[in-house]
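To start, the structure under review is shown below, and the notes come after it.
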Amino acid sequence: MIPETQAPHWEWYYIAMYFYIGGISAGAYFIGSLLEFFGNKRYHELSRTAYTIAFPLICITPILLIADLGRPVRFWHLFFYTKAGIPYMNLTSPLSVGTWALLIYSGMSFLSFLNAQAAGGPLAYPLLEKVHSLARRIPHRIYALTGSFFGFFVAGYTGVLVNTTARPLWAATDPLFGPIFIASAASTGAAAIALAMLRRKTAADEAFSQLGSFDRIAMILELLLIIAMLLVAGQYTAPLTKGVYAVLFWGGAVVLGILAPLGLHWYGRKPGEPATSIVTMAALLVLFGGAMLRISLVQAGQL
Amino acid sequence: MAKGMFVDTSICTGCKACQVACKEWNGIAGEPAHFHKVPNRPYEVAFNFTGNSYDNTGKLSSTDWRHVRFIEQFNENRSDGRWLFSSDSCKHCNDAGCLNACPVKAIVRTDMGNVFVQDDVCIGCKYCIPSCPYGVISFSEQTGTVHKCTLCNDRIHNGLGTACAKACPTGSITFGEVEDLKKKADVRLAQLQALGHANANIYGYYEAGGLNVFYLFLDRPAVYGQPEHPVVPQRRLFKSAAVTVLTAIAVAAAAIVSFRERGMKKNDEEVKS
């Protein structure tokens, strides 16, 4: 018997979209910061692009999260327990810990964003330079490292949050949403960086093809994790195998979001410069698939 | 010292006095019937009625903190069978999923062991709703917050029992110290088993760390809509988090390797040429 539990009725355009946009931002950020630490100099442009897209994207997410609250004006209760007048965090609640992580990540990604603009990024406005001169004293490696950690946290905690509930689909797929969301954040983050670099025509060939190869690894990992999830959940995957969410999940997330871009990568694998149109198409498909993945997994669990 | 309730479903008559008393004491809105015309029917039909036995509220909700379940176990021509009734509510679990999940400390446990929602603290994030293994706690669009049975928090802190137990005409719902209630339940279970009710069982001694509101059922808990093996979701938190952390490490390693190796190879080639 499937236990009688209630769905939270989270709207797809708020919560699933937060999972998606937060994932792209966090994925781009951790790719950028890992390259800053471990990559050589030729990746500076790639890191800069990553930081340039990570911060504006994460700025959207609090709006989505607050809009879904029943009492939006009370959102600050997440940080402050009014009855005792003290800062508050509930360690057994991924939502509580995740909110703090999101706050820290936002701060770190803001600093990295300023740094990237000061170092010749596309949005080098005088006002940003003034703010950056205030934060210049902090060694950027400190916030890149902290931001990288919390970037992974923001990308993955959303999956843990959904898995540690009593809803049949979400409970049965535990603990695989966290890993799937991390893999998806990595592939959508890489795709977003690729699109931004193409747009600015700053794609140095080699850095670019490596971004593509990392994206492939992330997508293959994601595919394996999805297969594992279906095997683990067994009969409880019913909401994903019929109805509208089956179309979004299989058609959108798996076929268009993973298999099609993998196919395009394979098709365009000729030595030398990959065709811009193929790379653009693959990146757009990956970004579309990431959205379909979050919507189908989050909404199907609420059926 | 925990207070709780023992619900002996074997003597419940399905009168719903508890449901009414709960609404009255807690001042919860009713659910008016919405009648309208339907094709091929001479009379108007209430479309928000469930049509299931004598039960029209259907489930626990933000305006129904108590729900009397009607279970009809009859044969095909209804010549033989029985009714089962069970008055359901929040179980005030000792390991409460909703309380564990609440990010703002709106859900608290009082000194009497009951789980209570502080309406002025709740932000309406709705995370407690899927976290309850019993589907009890519910969101209200009117208040923008969640609601559930409080174990009559105001009454029990002023020396009274719960409103539902007070109203129950058969003594099916009794309020008191959980330890005393358990003794009472064990005696009643032995009595029923001696009378030949082989399937009689007590639900709530072990589930979710022990339920402060527990039940005596005449059939399997699933028949009464209760999960046979409820799992407090947060007990899986460590495993879930650990697997996610391992994946994060794997992805980071994949990123470092896929960018580094190629770069090195290219460097080597450049040196050679």
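Naming works like this for the structure tokens: A, B, ... for the chains as they're shown, residue 1 at the start of each chain, ligands 1 onward in shown order.
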| At most 6 Å to chain A: residues in chain B, only C-alpha atoms, as a list in words | Asn100, Ala101, Pro103, Val104, Ile123, Gly124, Cys125, Lys126, Ile129, Pro130, Ser131, Pro133, Tyr134, Gly135, Gly144, Thr145, Pro227, Pro233, Gln234, Ser240, Thr244, Thr247 and Phe259 of chain B
With N, CA and C atoms kept, could you save the residues just selected as an mmCIF file, in the first residue's frame?
```
data_model
loop_
_atom_site.group_PDB
_atom_site.id
_atom_site.type_symbol
_atom_site.label_atom_id
_atom_site.label_comp_id
_atom_site.auth_asym_id
_atom_site.auth_seq_id
_atom_site.Cartn_x
_atom_site.Cartn_y
_atom_site.Cartn_z
ATOM 1 N N ASN B 100 11.135 18.123 12.637
ATOM 2 C CA ASN B 100 12.515 18.018 12.153
ATOM 3 C C ASN B 100 12.736 18.854 10.905
ATOM 4 N N ALA B 101 11.686 18.969 10.056
ATOM 5 C CA ALA B 101 11.851 19.628 8.761
ATOM 6 C C ALA B 101 11.696 21.139 8.856
ATOM 7 N N PRO B 103 12.151 24.842 9.014
ATOM 8 C CA PRO B 103 13.377 25.631 8.981
ATOM 9 C C PRO B 103 13.348 26.875 9.872
ATOM 10 N N VAL B 104 12.189 27.187 10.460
ATOM 11 C CA VAL B 104 12.086 28.450 11.198
ATOM 12 C C VAL B 104 11.683 28.257 12.665
ATOM 13 N N ILE B 123 6.293 30.498 8.076
ATOM 14 C CA ILE B 123 6.431 31.324 6.869
ATOM 15 C C ILE B 123 5.688 30.711 5.686
ATOM 16 N N GLY B 124 5.127 29.517 5.882
ATOM 17 C CA GLY B 124 4.390 28.877 4.782
ATOM 18 C C GLY B 124 5.283 28.297 3.705
ATOM 19 N N CYS B 125 6.436 27.731 4.083
ATOM 20 C CA CYS B 125 7.331 27.142 3.078
ATOM 21 C C CYS B 125 6.820 25.779 2.625
ATOM 22 N N LYS B 126 5.946 25.165 3.432
ATOM 23 C CA LYS B 126 5.261 23.911 3.099
ATOM 24 C C LYS B 126 6.154 22.676 3.122
ATOM 25 N N ILE B 129 4.908 19.592 5.079
ATOM 26 C CA ILE B 129 3.769 18.819 4.556
ATOM 27 C C ILE B 129 4.209 17.463 3.986
ATOM 28 N N PRO B 130 5.182 17.417 3.039
ATOM 29 C CA PRO B 130 5.616 16.090 2.574
ATOM 30 C C PRO B 130 6.478 15.363 3.600
ATOM 31 N N SER B 131 6.918 16.047 4.645
ATOM 32 C CA SER B 131 7.789 15.409 5.635
ATOM 33 C C SER B 131 7.020 14.606 6.664
ATOM 34 N N PRO B 133 4.999 11.538 7.682
ATOM 35 C CA PRO B 133 4.720 10.223 7.084
ATOM 36 C C PRO B 133 3.239 9.863 7.127
ATOM 37 N N TYR B 134 2.423 10.637 7.847
ATOM 38 C CA TYR B 134 0.994 10.349 7.953
ATOM 39 C C TYR B 134 0.126 11.310 7.151
ATOM 40 N N GLY B 135 0.739 12.279 6.481
ATOM 41 C CA GLY B 135 -0.041 13.241 5.694
ATOM 42 C C GLY B 135 -0.988 14.063 6.538
ATOM 43 N N GLY B 144 -2.044 31.411 4.914
ATOM 44 C CA GLY B 144 -0.691 31.316 4.366
ATOM 45 C C GLY B 144 0.252 30.528 5.262
ATOM 46 N N THR B 145 -0.301 29.788 6.218
ATOM 47 C CA THR B 145 0.525 28.998 7.136
ATOM 48 C C THR B 145 -0.036 27.580 7.214
ATOM 49 N N PRO B 227 0.157 3.936 7.546
ATOM 50 C CA PRO B 227 1.287 3.193 6.983
ATOM 51 C C PRO B 227 1.770 2.113 7.951
ATOM 52 N N PRO B 233 11.401 10.758 7.750
ATOM 53 C CA PRO B 233 12.294 10.990 6.607
ATOM 54 C C PRO B 233 13.711 11.403 7.010
ATOM 55 N N GLN B 234 13.830 12.181 8.089
ATOM 56 C CA GLN B 234 15.154 12.705 8.449
ATOM 57 C C GLN B 234 16.116 11.611 8.909
ATOM 58 N N SER B 240 21.673 10.182 2.626
ATOM 59 C CA SER B 240 21.381 10.984 1.437
ATOM 60 C C SER B 240 22.454 12.050 1.237
ATOM 61 N N THR B 244 25.492 12.335 -1.761
ATOM 62 C CA THR B 244 25.582 13.557 -2.548
ATOM 63 C C THR B 244 26.992 14.162 -2.463
ATOM 64 N N THR B 247 29.306 12.235 -4.679
ATOM 65 C CA THR B 247 29.118 12.608 -6.085
ATOM 66 C C THR B 247 29.784 13.949 -6.379
ATOM 67 N N PHE B 259 40.165 18.904 -17.416
ATOM 68 C CA PHE B 259 40.794 20.146 -17.859
ATOM 69 C C PHE B 259 42.309 20.074 -17.767
#
```
| Shell of 7 Å around segment 210-217 of chain B, only C-alpha atoms, local chain residues under 5 positions omitted, as a VMD selection string | chain B and resid 3 to 10 91 to 94 178 200 to 205
May I have the selected residues written with C-alpha atoms, as a CSV table (one decimal), in the first residue's frame?
```
chain,number,residue,atom,x,y,z
B,3,LYS,CA,0.3,13.7,27.6
B,4,GLY,CA,-1.5,11.9,24.8
B,5,MET,CA,-4.6,10.1,23.6
B,6,PHE,CA,-5.6,6.5,23.3
B,7,VAL,CA,-8.1,5.9,20.5
B,8,ASP,CA,-9.9,2.6,21.0
B,9,THR,CA,-11.5,2.1,17.6
B,10,SER,CA,-13.3,-1.0,18.7
B,91,LYS,CA,-0.2,11.5,16.3
B,92,HIS,CA,2.2,13.9,18.1
B,93,CYS,CA,5.1,11.6,17.1
B,94,ASN,CA,8.1,11.5,19.5
B,178,VAL,CA,0.8,8.3,27.8
B,200,ALA,CA,-6.6,-6.7,17.0
B,201,ASN,CA,-3.4,-4.7,17.4
B,202,ILE,CA,-2.1,-1.6,19.0
B,203,TYR,CA,-0.6,1.0,16.6
B,204,GLY,CA,1.8,3.6,17.8
B,205,TYR,CA,4.1,2.0,20.4
```
For Leu99 of chain B, please output as an mmCIF file with C-alpha atoms, in the first residue's frame all residues within 8 Å (counting only C-alpha atoms; exclusion window: fewer than 5 positions along the same chain).
```cif
data_model
loop_
_atom_site.group_PDB
_atom_site.id
_atom_site.type_symbol
_atom_site.label_atom_id
_atom_site.label_comp_id
_atom_site.auth_asym_id
_atom_site.auth_seq_id
_atom_site.Cartn_x
_atom_site.Cartn_y
_atom_site.Cartn_z
ATOM 1 C CA LYS B 105 11.210 26.711 14.498
ATOM 2 C CA ILE B 107 6.823 23.772 14.912
ATOM 3 C CA VAL B 108 7.816 23.108 18.513
ATOM 4 C CA VAL B 115 3.759 19.099 18.701
ATOM 5 C CA CYS B 128 6.669 20.059 6.713
#
```
| request: List every residue of segment 10-219 of chain B that DSSP, applied to the backbone, labels as strand (DSSP E), and write the result as an NGL selection string. | output: :B and (35-36 or 45-46 or 67-74 or 81-88 or 107-109 or 115-117 or 138-140 or 145-147 or 173-177 or 201-203 or 213-217)
| Close residues, Phe288 of chain A itself excluded, 9 Å, only C-alpha atoms, min 3 positions apart in chain, as a ChimeraX atom specification | /A:188,252-253,256-257,283-285,291-293
| request: May I have the residues within 12 Å of Glu24 of chain B as a PyMOL selection string, using only C-alpha atoms and disregarding those fewer than 2 positions away in the same chain? | output: chain B and resi 17-22+26-30+63-66+152+163-164+167
Go ahead and write the residues just picked, N, CA and C atoms, as a PDB file, in the first residue's frame.
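To be explicit, this is the file written out as result35.pdb:
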```pdb
ATOM      1  N   ALA B  17     -18.796  13.259  16.804  1.00  0.00           N
ATOM      2  CA  ALA B  17     -18.855  14.301  17.832  1.00  0.00           C
ATOM      3  C   ALA B  17     -17.470  14.911  18.048  1.00  0.00           C
ATOM      4  N   CYS B  18     -16.424  14.073  17.926  1.00  0.00           N
ATOM      5  CA  CYS B  18     -15.058  14.554  18.112  1.00  0.00           C
ATOM      6  C   CYS B  18     -14.697  15.590  17.052  1.00  0.00           C
ATOM      7  N   GLN B  19     -15.131  15.324  15.806  1.00  0.00           N
ATOM      8  CA  GLN B  19     -14.835  16.231  14.701  1.00  0.00           C
ATOM      9  C   GLN B  19     -15.499  17.587  14.936  1.00  0.00           C
ATOM     10  N   VAL B  20     -16.742  17.525  15.435  1.00  0.00           N
ATOM     11  CA  VAL B  20     -17.483  18.763  15.696  1.00  0.00           C
ATOM     12  C   VAL B  20     -16.858  19.516  16.875  1.00  0.00           C
ATOM     13  N   ALA B  21     -16.562  18.778  17.954  1.00  0.00           N
ATOM     14  CA  ALA B  21     -15.987  19.408  19.142  1.00  0.00           C
ATOM     15  C   ALA B  21     -14.656  20.082  18.803  1.00  0.00           C
ATOM     16  N   CYS B  22     -13.882  19.419  17.954  1.00  0.00           N
ATOM     17  CA  CYS B  22     -12.579  19.963  17.548  1.00  0.00           C
ATOM     18  C   CYS B  22     -12.767  21.294  16.821  1.00  0.00           C
ATOM     19  N   ASN B  26     -11.580  24.877  18.586  1.00  0.00           N
ATOM     20  CA  ASN B  26     -10.457  25.543  17.930  1.00  0.00           C
ATOM     21  C   ASN B  26     -10.896  26.625  16.945  1.00  0.00           C
ATOM     22  N   GLY B  27     -12.212  26.797  16.812  1.00  0.00           N
ATOM     23  CA  GLY B  27     -12.720  27.869  15.959  1.00  0.00           C
ATOM     24  C   GLY B  27     -12.340  27.702  14.500  1.00  0.00           C
ATOM     25  N   ILE B  28     -12.390  26.447  14.005  1.00  0.00           N
ATOM     26  CA  ILE B  28     -11.985  26.199  12.616  1.00  0.00           C
ATOM     27  C   ILE B  28     -13.214  26.313  11.711  1.00  0.00           C
ATOM     28  N   ALA B  29     -12.988  26.885  10.530  1.00  0.00           N
ATOM     29  CA  ALA B  29     -14.079  27.066   9.565  1.00  0.00           C
ATOM     30  C   ALA B  29     -14.659  25.728   9.118  1.00  0.00           C
ATOM     31  N   GLY B  30     -15.935  25.702   8.777  1.00  0.00           N
ATOM     32  CA  GLY B  30     -16.564  24.504   8.237  1.00  0.00           C
ATOM     33  C   GLY B  30     -16.332  24.410   6.746  1.00  0.00           C
ATOM     34  N   THR B  63      -8.546  22.563   7.822  1.00  0.00           N
ATOM     35  CA  THR B  63      -9.776  22.861   8.556  1.00  0.00           C
ATOM     36  C   THR B  63     -10.384  21.618   9.190  1.00  0.00           C
ATOM     37  N   ASP B  64      -9.796  20.472   8.952  1.00  0.00           N
ATOM     38  CA  ASP B  64     -10.245  19.242   9.622  1.00  0.00           C
ATOM     39  C   ASP B  64      -9.061  18.636  10.367  1.00  0.00           C
ATOM     40  N   TRP B  65      -8.956  18.969  11.635  1.00  0.00           N
ATOM     41  CA  TRP B  65      -7.835  18.446  12.420  1.00  0.00           C
ATOM     42  C   TRP B  65      -8.142  17.061  12.950  1.00  0.00           C
ATOM     43  N   ARG B  66      -9.413  16.678  12.816  1.00  0.00           N
ATOM     44  CA  ARG B  66      -9.826  15.333  13.164  1.00  0.00           C
ATOM     45  C   ARG B  66     -10.664  14.805  12.012  1.00  0.00           C
ATOM     46  N   CYS B 152      -5.055  20.178  21.653  1.00  0.00           N
ATOM     47  CA  CYS B 152      -5.719  21.236  22.446  1.00  0.00           C
ATOM     48  C   CYS B 152      -4.727  21.894  23.396  1.00  0.00           C
ATOM     49  N   ALA B 163     -10.607  18.493  23.572  1.00  0.00           N
ATOM     50  CA  ALA B 163     -12.038  18.700  23.278  1.00  0.00           C
ATOM     51  C   ALA B 163     -12.666  17.440  22.712  1.00  0.00           C
ATOM     52  N   CYS B 164     -11.934  16.725  21.843  1.00  0.00           N
ATOM     53  CA  CYS B 164     -12.477  15.527  21.216  1.00  0.00           C
ATOM     54  C   CYS B 164     -12.726  14.427  22.248  1.00  0.00           C
ATOM     55  N   ALA B 167     -15.735  15.194  24.284  1.00  0.00           N
ATOM     56  CA  ALA B 167     -17.010  15.038  23.585  1.00  0.00           C
ATOM     57  C   ALA B 167     -17.346  13.588  23.271  1.00  0.00           C
TER      58      ALA B 167
END
```
| request: List every residue of segment 124-206 of chain B that DSSP, applied to the backbone of this structure, assigns to alpha helix (DSSP H), and report them as a ChimeraX atom specification. | output: /B:128-131,153-156,163-167,178-194
Written file, previous selection with C-alpha atoms, as a tab-separated table (two decimals), in the first residue's frame:
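The result, written out as again_34.tsv:
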```tsv
chain	number	residue	atom	x	y	z
B	128	CYS	CA	6.67	20.06	6.71
B	129	ILE	CA	3.77	18.82	4.56
B	130	PRO	CA	5.62	16.09	2.57
B	131	SER	CA	7.79	15.41	5.64
B	153	ASN	CA	-2.58	23.02	23.61
B	154	ASP	CA	-4.56	25.73	25.41
B	155	ARG	CA	-6.85	23.27	27.20
B	156	ILE	CA	-4.20	20.80	28.35
B	163	ALA	CA	-12.04	18.70	23.28
B	164	CYS	CA	-12.48	15.53	21.22
B	165	ALA	CA	-11.92	13.22	24.20
B	166	LYS	CA	-14.33	15.34	26.26
B	167	ALA	CA	-17.01	15.04	23.58
B	178	VAL	CA	0.78	8.25	27.82
B	179	GLU	CA	2.12	5.67	30.29
B	180	ASP	CA	-1.30	5.26	31.97
B	181	LEU	CA	-3.02	5.06	28.58
B	182	LYS	CA	-0.65	2.31	27.46
B	183	LYS	CA	-1.61	0.17	30.48
B	184	LYS	CA	-5.26	0.72	29.64
B	185	ALA	CA	-4.63	-0.20	26.00
B	186	ASP	CA	-2.80	-3.42	26.90
B	187	VAL	CA	-5.71	-4.55	29.11
B	188	ARG	CA	-8.23	-3.77	26.37
B	189	LEU	CA	-6.16	-5.58	23.73
B	190	ALA	CA	-5.97	-8.71	25.90
B	191	GLN	CA	-9.74	-8.50	26.44
B	192	LEU	CA	-10.46	-8.25	22.70
B	193	GLN	CA	-8.10	-11.07	21.85
B	194	ALA	CA	-9.81	-13.26	24.45
```
Please provide the set of residues having any atom within 6 Å of segment 136-139 of chain B, restricted to only C-alpha atoms, with same-chain residues fewer than 3 positions apart removed, written as a PDB file with C-alpha atoms, in the first residue's frame.
```pdb
ATOM      1  CA  LEU B  60      -7.250  15.541   7.469  1.00  0.00           C
ATOM      2  CA  SER B  61      -6.819  19.124   6.269  1.00  0.00           C
ATOM      3  CA  SER B  62      -6.105  22.619   7.512  1.00  0.00           C
ATOM      4  CA  CYS B  90      -2.089  14.192  14.398  1.00  0.00           C
ATOM      5  CA  ILE B 129       3.769  18.819   4.556  1.00  0.00           C
ATOM      6  CA  THR B 145       0.525  28.998   7.136  1.00  0.00           C
ATOM      7  CA  VAL B 146       0.187  25.326   8.093  1.00  0.00           C
ATOM      8  CA  HIS B 147      -2.293  23.904  10.574  1.00  0.00           C
ATOM      9  CA  LYS B 148      -2.886  20.664  12.437  1.00  0.00           C
TER      10      LYS B 148
END
```
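Between atom CA of Phe150 of chain A and atom CA of Ile15 of chain A there is a distance of 19.2 Å.
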| field | For Cys98 of chain B, the nearest of the candidates B:Ala241, B:Leu218, B:Met112, B:Cys132, counting only C-alpha atoms | value |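 The closest residue to Cys98 of chain B is B:Cys132.
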